[in-house]
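Take a look at the structure below.
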Amino acid sequence: MLRQRVRPWMSGAGGVVPAPVPAVTPGVPPPPVPSRLLTWLGRLGAPAAAFAVFQALFGLLPQHLAGEAARYCVAAAAGAGTGAAVWLAAALLHARAAAGARPAAPALAPSPAGSLPELMDGAYTALRRGLSVIDVPGRGPLSGWPHSLAESDPPVHPTAFGTAYGLHLLLDIAPLDGRIRVGEVAETLWRLRLPGGGWAARSQGSGARPEVSAIVLGALARAGADPRLLESEVRSCEALLDPEHDAPGLANTYVVTNVLRGLLRAAPGSAALDGLRTVLVNGATADPARGQHRCWGAALATGRGNPAPSAAHTARAVVALDRAAGVLGEDERQRAVREEGLRWLLAGGAADLDNCQEEVRRPGSDDPLHQELLSVRHFAAAWVARALMTDGARRVAADGAGATAWEAQLRGAVARVSGMQRGGVWRWEDGPMGHPVWMTYQGLSVLRRYALMAHRP
């Protein structure tokens with residue numbers, strides 16, 4: 001079940017998203033206006049100018065200038081020189097006009113807290129402040145994060161989900177000091193592994209779930225975990241993808257995209273990847289409200305009907321399919337579905353950037369007679385921005401969707417992402433649970449990617 005939220009707290013007066021700034025690179029002056037002389041010469045034309053100078057000089061040169069041949073030579077040389085100057089002036093005018101017509105690179109939306117390095121410093125400070133360091137009998141010392149950065153006072157038990165995203169965030173920030181040690185955080189994830197293998201969210205009981213296991217494995221792979229240890233857990237995660245074991249999960253867009261992205265990081269050679277991509281591609285549905293472009297909802301499309309389209313889920317699917325294409329390649333149908341998802345996003349508006357949440361229901365792993373409920377929140381603006389910054393999105397824009405529409409959508413999404421943070425920490429809402437670790441990771445990774453994409457050396 002997908003619930004759309006009212007527009008979240010934003011920066012600026014009245015909670016309004018700041019208007020996107022014009023796409024002009026700060027500190028670079030606009031091209032100068034050509035002088036009147038260059039404009040006149042460019043319009044004259046090289047052959048006409050050369051002949052005019054030749055004719056004028058030939059008539060003005062004195063008759064006694066070493067005979068008729070000398071007069072011809074002097075006039076011809078002057079005419080040729082003038083013609084060359086006019087040709088160069090025209091070429092300069094053309095080059096300046098072409099440079100002015102080229103679209104400028106998207107300008108980074110200004111952040112209320114300052115520069116990107118300042119946001120990264122703020123996020124690192126929040127990670128240090130929110131780090132839970134406790135000693136659990138039977139598991140040893142744990143050094144990680146619970147769900148929220150504001151949840152650790154007094155220290156609470158780190159979770160697999162919070163610690164995995166904290167590790168992702170730490171690796172993105174790459175701090176200059178060792179006050180948080182990557183090795184200790186990675187070791188904590190191994191110690192949080194369930195007795196039967198795999199990982200789960202703290203609301204999911206004692207049975208491993210593929211969407212959490214894949215996220216943890218992806219973080220451990222980024223941190224340089226032993227491939228032999230990863231291989232064993234990857235096989236356990238793949239075993240959880242059996243439809244008889246988890247049919248509700250495999251019918252859910254959030255679950256499938258999480259597993260696909262996590263395994264692409266942890267095990268790019270996994271035999272399960274192609275099947276997961278097929279499930280995702282087959283789960284798209286056409287939206288008559290947006291040109292019959294295929295998109296995704298909270299549930300994957302099945303014979304029981306089409307799910308309601310969702311920008312957050314469509315963006316999640318596009319990101320996962322783009323990464324899969326980079327690792328596995330793609331056929332014509334897979335490419336067409338992925339590109340239709342991008343066109344669906346480009347046809348959207350500001351409402352696509354509103355946060356939403358859903359509930360993933362499954363039979364309980366401990367007691368199948370009871371339902372397990374996982375509450376999932378989607379940072380929609382961050383997912384839309386990530387989808388529009390994929391390599392495939394730029395190609396779709398260049399092939400006909402329109403660079404102007406793509407740039408406007410992207411800058412609007414980045415402005416929304418930037419407006420939802422203070423001092424490098426993103427918040428969903430007020431309260432101790434309102435600063436999810438995953439939200440700060442997603443927000444900061446969007447601004448970092450956007451800054452790199454907009455940079456022109």
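Order determines the names: the first chain of the structure tokens is A, the second B, and so forth; residues in each chain are numbered 1 upward, and ligands are numbered 1 upward as they are shown.
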
Taking the backbone alone, and naming residues the way the document does, which bits of stretch 128-206 of chain A are strand (DSSP E) by DSSP, as a PDB file with all heavy atoms, in the first residue's frame?
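Ended up saving to part_5.pdb:
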ATOM      1  N   SER A 132      26.718   4.460  17.720  1.00  0.00           N
ATOM      2  CA  SER A 132      26.453   3.663  18.927  1.00  0.00           C
ATOM      3  C   SER A 132      27.584   2.655  19.103  1.00  0.00           C
ATOM      4  O   SER A 132      27.842   1.841  18.209  1.00  0.00           O
ATOM      5  CB  SER A 132      25.119   2.920  18.803  1.00  0.00           C
ATOM      6  OG  SER A 132      24.033   3.801  18.944  1.00  0.00           O
ATOM      7  N   VAL A 133      28.243   2.726  20.242  1.00  0.00           N
ATOM      8  CA  VAL A 133      29.325   1.787  20.562  1.00  0.00           C
ATOM      9  C   VAL A 133      28.915   1.056  21.843  1.00  0.00           C
ATOM     10  O   VAL A 133      28.896   1.642  22.931  1.00  0.00           O
ATOM     11  CB  VAL A 133      30.664   2.510  20.751  1.00  0.00           C
ATOM     12  CG1 VAL A 133      31.771   1.518  21.080  1.00  0.00           C
ATOM     13  CG2 VAL A 133      31.022   3.324  19.510  1.00  0.00           C
ATOM     14  N   ILE A 134      28.562  -0.213  21.688  1.00  0.00           N
ATOM     15  CA  ILE A 134      28.110  -0.992  22.840  1.00  0.00           C
ATOM     16  C   ILE A 134      28.736  -2.380  22.761  1.00  0.00           C
ATOM     17  O   ILE A 134      29.199  -2.815  21.707  1.00  0.00           O
ATOM     18  CB  ILE A 134      26.577  -1.113  22.885  1.00  0.00           C
ATOM     19  CG1 ILE A 134      26.050  -1.795  21.624  1.00  0.00           C
ATOM     20  CG2 ILE A 134      25.919   0.262  23.053  1.00  0.00           C
ATOM     21  CD1 ILE A 134      24.550  -2.042  21.650  1.00  0.00           C
ATOM     22  N   ASP A 135      28.740  -3.058  23.900  1.00  0.00           N
ATOM     23  CA  ASP A 135      29.259  -4.426  23.975  1.00  0.00           C
ATOM     24  C   ASP A 135      28.080  -5.348  24.275  1.00  0.00           C
ATOM     25  O   ASP A 135      27.439  -5.229  25.325  1.00  0.00           O
ATOM     26  CB  ASP A 135      30.319  -4.528  25.073  1.00  0.00           C
ATOM     27  CG  ASP A 135      31.183  -5.763  24.921  1.00  0.00           C
ATOM     28  OD1 ASP A 135      30.738  -6.705  24.225  1.00  0.00           O
ATOM     29  OD2 ASP A 135      32.287  -5.802  25.476  1.00  0.00           O
ATOM     30  N   VAL A 136      27.795  -6.253  23.350  1.00  0.00           N
ATOM     31  CA  VAL A 136      26.651  -7.146  23.485  1.00  0.00           C
ATOM     32  C   VAL A 136      27.158  -8.545  23.822  1.00  0.00           C
ATOM     33  O   VAL A 136      27.972  -9.113  23.062  1.00  0.00           O
ATOM     34  CB  VAL A 136      25.818  -7.182  22.191  1.00  0.00           C
ATOM     35  CG1 VAL A 136      24.663  -8.153  22.321  1.00  0.00           C
ATOM     36  CG2 VAL A 136      25.314  -5.786  21.864  1.00  0.00           C
ATOM     37  N   GLY A 140      29.981  -9.502  21.080  1.00  0.00           N
ATOM     38  CA  GLY A 140      31.178  -8.681  21.178  1.00  0.00           C
ATOM     39  C   GLY A 140      30.865  -7.213  20.986  1.00  0.00           C
ATOM     40  O   GLY A 140      29.704  -6.791  20.958  1.00  0.00           O
ATOM     41  N   PRO A 141      31.898  -6.387  20.840  1.00  0.00           N
ATOM     42  CA  PRO A 141      31.688  -4.946  20.680  1.00  0.00           C
ATOM     43  C   PRO A 141      31.055  -4.627  19.329  1.00  0.00           C
ATOM     44  O   PRO A 141      31.433  -5.180  18.301  1.00  0.00           O
ATOM     45  CB  PRO A 141      33.097  -4.363  20.780  1.00  0.00           C
ATOM     46  CG  PRO A 141      34.007  -5.480  20.390  1.00  0.00           C
ATOM     47  CD  PRO A 141      33.335  -6.740  20.835  1.00  0.00           C
ATOM     48  N   LEU A 142      30.047  -3.737  19.365  1.00  0.00           N
ATOM     49  CA  LEU A 142      29.381  -3.292  18.149  1.00  0.00           C
ATOM     50  C   LEU A 142      29.595  -1.789  17.992  1.00  0.00           C
ATOM     51  O   LEU A 142      29.488  -1.037  18.956  1.00  0.00           O
ATOM     52  CB  LEU A 142      27.882  -3.585  18.209  1.00  0.00           C
ATOM     53  CG  LEU A 142      27.469  -5.041  18.395  1.00  0.00           C
ATOM     54  CD1 LEU A 142      25.945  -5.150  18.448  1.00  0.00           C
ATOM     55  CD2 LEU A 142      28.026  -5.920  17.277  1.00  0.00           C
ATOM     56  N   SER A 143      29.890  -1.380  16.771  1.00  0.00           N
ATOM     57  CA  SER A 143      30.125   0.031  16.478  1.00  0.00           C
ATOM     58  C   SER A 143      29.373   0.358  15.190  1.00  0.00           C
ATOM     59  O   SER A 143      29.840   0.037  14.088  1.00  0.00           O
ATOM     60  CB  SER A 143      31.631   0.289  16.321  1.00  0.00           C
ATOM     61  OG  SER A 143      31.892   1.640  16.046  1.00  0.00           O
ATOM     62  N   GLY A 144      28.193   0.946  15.338  1.00  0.00           N
ATOM     63  CA  GLY A 144      27.372   1.222  14.160  1.00  0.00           C
ATOM     64  C   GLY A 144      26.257   2.191  14.480  1.00  0.00           C
ATOM     65  O   GLY A 144      26.341   2.970  15.442  1.00  0.00           O
TER      66      GLY A 144
END

Inset, instruction - Compare A:Trp438, A:Trp145, A:Phe161, A:Trp190 by their minimum atom-to-atom distance to A:Ser203, counting only C-alpha atoms, and give me the closest one. - result: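 Result for the nearest residue to A:Ser203: A:Phe161.
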
Inset, instruction - For each of A:Arg448, A:Arg265, A:Arg394, A:His313, take the minimum atom-to-atom distance to A:Gly224, counting only C-alpha atoms, then give the residue where this is smallest. - result: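 Of A:Arg448, A:Arg265, A:Arg394, A:His313, the one nearest A:Gly224 is A:Arg265, counting only C-alpha atoms.
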
Legend entry - Exercise: A:Glu330 partners within 12 Å, only C-alpha atoms, chain neighbours under 3 positions left out, as a PyMOL selection string: chain A and resi 274+277-278+281+321-327+333-339+392

Inset, instruction - Pick out the residues sitting within 12 Å of A:Arg395, and hand them over as a list in words; count only C-alpha atoms, and ignore anything fewer than 5 positions along from it in its own chain. - result: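 Listing them by chain and then by number gives Asp322, Arg335, Arg338, Glu339, Leu342, Arg343, Leu388, Met389, Thr390, Gly400, Ala401, Gly402, Ala403 and Trp406 of chain A.
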
Residues near A:Phe379, cut-off 10 Å, only C-alpha atoms, skip fewer than 6 positions along chain, as a CSV table (one decimal) with all heavy atoms, in the first residue's frame:
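Ended up saving to selection-v7.csv:
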chain,number,residue,atom,x,y,z
A,312,ALA,N,8.6,7.6,-7.3
A,312,ALA,CA,9.7,7.0,-6.5
A,312,ALA,C,10.1,5.6,-7.0
A,312,ALA,O,11.2,5.2,-7.1
A,312,ALA,CB,9.3,7.0,-5.0
A,353,LEU,N,7.9,14.8,-6.8
A,353,LEU,CA,9.0,14.9,-5.9
A,353,LEU,C,8.6,14.8,-4.4
A,353,LEU,O,9.4,15.0,-3.5
A,353,LEU,CB,9.8,16.3,-6.1
A,353,LEU,CG,10.2,16.5,-7.6
A,353,LEU,CD1,10.9,17.9,-7.6
A,353,LEU,CD2,11.2,15.4,-8.0
A,354,ASP,N,7.3,14.6,-4.2
A,354,ASP,CA,6.8,14.5,-2.8
A,354,ASP,C,7.1,13.2,-2.3
A,354,ASP,O,6.9,12.1,-2.9
A,354,ASP,CB,5.3,14.7,-2.8
A,354,ASP,CG,4.8,16.1,-3.2
A,354,ASP,OD1,5.7,17.0,-3.1
A,354,ASP,OD2,3.7,16.3,-3.5
A,355,ASN,N,7.6,13.1,-1.0
A,355,ASN,CA,7.9,11.9,-0.4
A,355,ASN,C,6.7,11.0,-0.2
A,355,ASN,O,5.5,11.5,-0.1
A,355,ASN,CB,8.5,12.2,1.0
A,355,ASN,CG,9.9,12.7,0.9
A,355,ASN,OD1,10.6,12.6,-0.1
A,355,ASN,ND2,10.4,13.4,2.0
A,356,CYS,N,6.9,9.7,-0.1
A,356,CYS,CA,5.8,8.8,0.1
A,356,CYS,C,6.3,7.6,0.9
A,356,CYS,O,7.5,7.5,1.1
A,356,CYS,CB,5.2,8.3,-1.3
A,356,CYS,SG,6.4,7.5,-2.4
A,357,GLN,N,5.3,6.8,1.3
A,357,GLN,CA,5.7,5.6,2.1
A,357,GLN,C,4.7,4.5,1.8
A,357,GLN,O,3.6,4.7,1.3
A,357,GLN,CB,5.8,5.9,3.6
A,357,GLN,CG,4.5,6.4,4.2
A,357,GLN,CD,4.8,6.8,5.7
A,357,GLN,OE1,5.2,7.9,5.9
A,357,GLN,NE2,4.6,5.9,6.6
A,417,VAL,N,16.0,18.2,-3.0
A,417,VAL,CA,16.9,17.5,-2.2
A,417,VAL,C,17.7,18.4,-1.3
A,417,VAL,O,17.8,18.2,0.0
A,417,VAL,CB,17.8,16.6,-3.0
A,417,VAL,CG1,18.9,16.0,-2.1
A,417,VAL,CG2,17.0,15.5,-3.7
A,428,TRP,N,13.4,13.6,7.7
A,428,TRP,CA,12.1,13.3,7.2
A,428,TRP,C,11.0,14.0,8.0
A,428,TRP,O,10.0,14.5,7.4
A,428,TRP,CB,11.9,11.8,7.4
A,428,TRP,CG,10.6,11.2,6.8
A,428,TRP,CD1,9.4,11.2,7.4
A,428,TRP,CD2,10.4,10.7,5.5
A,428,TRP,NE1,8.5,10.6,6.6
A,428,TRP,CE2,9.0,10.3,5.4
A,428,TRP,CE3,11.2,10.5,4.4
A,428,TRP,CZ2,8.5,9.8,4.2
A,428,TRP,CZ3,10.7,9.9,3.2
A,428,TRP,CH2,9.4,9.6,3.2
A,438,TRP,N,19.8,6.5,6.1
A,438,TRP,CA,19.7,6.3,4.7
A,438,TRP,C,19.3,7.5,3.9
A,438,TRP,O,19.8,7.7,2.8
A,438,TRP,CB,18.7,5.2,4.3
A,438,TRP,CG,17.3,5.4,4.8
A,438,TRP,CD1,16.7,4.9,6.0
A,438,TRP,CD2,16.3,6.2,4.2
A,438,TRP,NE1,15.4,5.3,6.1
A,438,TRP,CE2,15.1,6.1,5.1
A,438,TRP,CE3,16.2,7.0,3.1
A,438,TRP,CZ2,14.0,6.8,4.8
A,438,TRP,CZ3,15.1,7.6,2.8
A,438,TRP,CH2,14.0,7.6,3.6
A,439,MET,N,18.6,8.4,4.6
A,439,MET,CA,18.2,9.6,3.9
A,439,MET,C,19.3,10.6,3.7
A,439,MET,O,19.5,11.3,2.7
A,439,MET,CB,17.0,10.3,4.7
A,439,MET,CG,16.3,11.4,4.0
A,439,MET,SD,14.9,12.0,4.9
A,439,MET,CE,14.2,13.1,3.6
A,442,GLN,N,21.4,9.2,0.9
A,442,GLN,CA,20.8,9.5,-0.4
A,442,GLN,C,20.9,10.9,-0.8
A,442,GLN,O,21.3,11.3,-1.9
A,442,GLN,CB,19.4,9.0,-0.4
A,442,GLN,CG,19.2,7.5,-0.4
A,442,GLN,CD,17.8,7.1,-0.4
A,442,GLN,OE1,16.9,7.9,-0.6
A,442,GLN,NE2,17.5,5.8,-0.3
A,443,GLY,N,20.6,11.8,0.2
A,443,GLY,CA,20.7,13.3,-0.1
A,443,GLY,C,22.1,13.7,-0.5
A,443,GLY,O,22.3,14.4,-1.5

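The coordinates place atom CA of A:Ala223 at 14.5 Å from atom CA of A:Leu263.
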
Legend entry - Sel. of alpha helix (DSSP H) residues, stretch 130-171 of chain A, as a list in words: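 The alpha helix (DSSP H) subset of stretch 130-171 of chain A is Gly130, Ala160, Phe161, Gly162, Thr163, Ala164, Tyr165, Gly166, Leu167, His168, Leu169, Leu170 and Leu171 of chain A.
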
Inset, instruction - Using atom CA of A:Ile215 and atom CA of A:Glu244 as the two end points, give the distance in Å to one decimal. - result: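 Spanning atom CA of A:Ile215 to atom CA of A:Glu244 is a straight-line distance of 22.1 Å.
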
Legend entry - Counting only C-alpha atoms, the residue of A:Glu340, A:Glu151, A:Glu238, A:Glu407 that sits nearest A:Ala271: A:Glu238

Inset, instruction - May I have the residues within 7 Å of A:Pro436 as a ChimeraX atom specification, using only C-alpha atoms and disregarding those fewer than 3 positions away in the same chain? - result: /A:147-149,427,433,439-440

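The shortest atom-to-atom distance to A:Ala308, with only C-alpha atoms taken into account, belongs to A:Ala284 out of A:Leu328, A:Pro363, A:Ala284, A:His168.
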
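Using only C-alpha atoms, the shortest contact distance between A:Ala381 and any of A:Arg449, A:Arg411, A:Arg181, A:Arg416 is found at A:Arg416.
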
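Ranking A:Arg386, A:Arg128, A:Arg316, A:Arg193 by their shortest atom-to-atom distance to A:Pro175, with only C-alpha atoms included, puts A:Arg128 first.
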
Legend entry - Residue neighbourhood A:Ala201, 9 Å, only C-alpha atoms, exclusion window fewer than 2 positions, as a list in words: Thr159, Ala160, Phe161, Gly162, Trp199, Ser203, Gln204, Gly205, Ala208, Arg209, Val212 and Leu374 of chain A
